[in-house]
Amino acid sequence: MNIKQLNNTPWQIIALTTLRIAIGWHFLNEGLVKVMKPGWSAAAYLEGAVGPFSSLFKSFASNPNILEIINFLNQWGLVLVGFGIMLGLLIRWASLGGMELLALYYLANPPFIGVGLSL
């Protein structure tokens with residue numbers, strides 16, 4: 001089912017397309033910044049975890065092998081999700097990947113009042 005089959009008005013289609021491109025650009029930009037920055041690592045973010053699974057995330061940061069995998073998956077996951085959402089390629093898979101990444105970020109450092117990011 002595509003967006004035109006939902007009986008959306010042209011303005012709704014423009015708004016949804018603009019929103020999709022903006023969200024995709026955000027993911028793509030974050031991924032490219034990480035890929036292009038030599039020596040970038042998620043270690044500081046994982047070590048500063050304060051969420052319900054903080055001990056798990058901190059253990060990931062302390063293991064160099066796991067950290068290398070996490071860095072790769074984070075960088076290229078963001079890039080692929082961004083491209084997929086922006087271009088409408090494999091949009092369901094890209095959306096699921098984006099939701100998974102965001103869920104992991106929220107589990108590590110939930111944006112709740114009184115829970116601070118301790119970097």
# chains A, B, ... in the order shown; residues from 1 in each chain; ligands from 1
$ residues_around --residues "Leu102 (chain A)" --least-positions-apart "4" --cutoff "12 Å" --atoms "only C-alpha atoms" --output "MDAnalysis selection string"
chainID A and resid 27 74 77:78 81 95:98 106:111
$ write_last_selection --atoms "N, CA and C atoms" --output "mmCIF file, in the first residue's frame"
data_model
loop_
_atom_site.group_PDB
_atom_site.id
_atom_site.type_symbol
_atom_site.label_atom_id
_atom_site.label_comp_id
_atom_site.auth_asym_id
_atom_site.auth_seq_id
_atom_site.Cartn_x
_atom_site.Cartn_y
_atom_site.Cartn_z
ATOM 1 N N PHE A 27 18.966 10.899 10.789
ATOM 2 C CA PHE A 27 19.663 9.621 10.971
ATOM 3 C C PHE A 27 20.920 9.572 10.100
ATOM 4 N N ASN A 74 26.390 0.835 14.988
ATOM 5 C CA ASN A 74 25.789 2.140 15.243
ATOM 6 C C ASN A 74 26.024 3.079 14.061
ATOM 7 N N GLY A 77 24.408 1.497 10.843
ATOM 8 C CA GLY A 77 22.966 1.395 11.048
ATOM 9 C C GLY A 77 22.300 2.746 10.852
ATOM 10 N N LEU A 78 22.881 3.796 11.423
ATOM 11 C CA LEU A 78 22.336 5.142 11.247
ATOM 12 C C LEU A 78 22.355 5.569 9.781
ATOM 13 N N VAL A 81 19.692 3.402 7.834
ATOM 14 C CA VAL A 81 18.341 3.821 8.214
ATOM 15 C C VAL A 81 18.031 5.176 7.586
ATOM 16 N N SER A 95 12.549 1.691 8.959
ATOM 17 C CA SER A 95 11.799 2.202 10.113
ATOM 18 C C SER A 95 12.004 1.321 11.341
ATOM 19 N N LEU A 96 11.974 0.021 11.144
ATOM 20 C CA LEU A 96 12.211 -0.896 12.267
ATOM 21 C C LEU A 96 13.628 -0.737 12.818
ATOM 22 N N GLY A 97 14.597 -0.572 11.924
ATOM 23 C CA GLY A 97 15.976 -0.349 12.366
ATOM 24 C C GLY A 97 16.111 0.948 13.148
ATOM 25 N N GLY A 98 15.450 1.997 12.674
ATOM 26 C CA GLY A 98 15.468 3.272 13.383
ATOM 27 C C GLY A 98 14.825 3.168 14.753
ATOM 28 N N TYR A 106 17.453 5.115 24.252
ATOM 29 C CA TYR A 106 16.599 5.464 25.393
ATOM 30 C C TYR A 106 16.834 4.536 26.576
ATOM 31 N N LEU A 107 17.115 3.271 26.322
ATOM 32 C CA LEU A 107 17.401 2.354 27.430
ATOM 33 C C LEU A 107 18.716 2.710 28.121
ATOM 34 N N ALA A 108 19.688 3.186 27.357
ATOM 35 C CA ALA A 108 20.975 3.556 27.942
ATOM 36 C C ALA A 108 20.879 4.858 28.730
ATOM 37 N N ASN A 109 20.204 5.835 28.179
ATOM 38 C CA ASN A 109 20.094 7.160 28.812
ATOM 39 C C ASN A 109 18.683 7.706 28.626
ATOM 40 N N PRO A 110 17.743 7.246 29.450
ATOM 41 C CA PRO A 110 16.354 7.691 29.282
ATOM 42 C C PRO A 110 16.210 9.184 29.574
ATOM 43 N N PRO A 111 15.380 9.866 28.781
ATOM 44 C CA PRO A 111 15.213 11.303 28.958
ATOM 45 C C PRO A 111 14.162 11.638 30.015
#
$ select_by_dssp --residues "region 2-95 of chain A" --states "alpha helix (DSSP H)" --output "number ranges by chain"
A: 10-36, 43-47, 54-62, 64-87, 91-95
$ residues_around --residues "region 38-50 of chain A" --least-positions-apart "4" --cutoff "12 Å" --atoms "only C-alpha atoms" --output "MDAnalysis selection string"
chainID A and resid 30:34 54:75 104:112 114:119
$ closest_residue --among "A:Leu6, A:Phe53, A:Lys37, A:Ile85" --to "Thr18 (chain A)" --atoms "only C-alpha atoms"
A:Ile85
$ closest_residue --among "A:Pro52, A:Val35, A:Leu16, A:Ala103" --to "Gly88 (chain A)" --atoms "only C-alpha atoms"
A:Leu16
$ atom_distance --atom1 "CA of Ile21 (chain A)" --atom2 "CA of Asn7 (chain A)"
20.7 Å
$ atom_distance --atom1 "CA of Leu28 (chain A)" --atom2 "CA of Gln12 (chain A)"
23.9 Å
$ closest_residue --among "A:Met36, A:Trp76, A:Gly84, A:Thr9" --to "Gly24 (chain A)" --atoms "only C-alpha atoms"
A:Gly84
$ residues_around --residues "Met86 (chain A)" --least-positions-apart "4" --cutoff "8 Å" --atoms "only C-alpha atoms" --output "list in words"
Arg20, Ile21, Ala22, Ile23, Gly24, Trp25 and Gly82 of chain A
$ closest_residue --among "A:Asn29, A:Asn8, A:Leu19, A:Ile13" --to "Phe83 (chain A)" --atoms "only C-alpha atoms"
A:Asn29
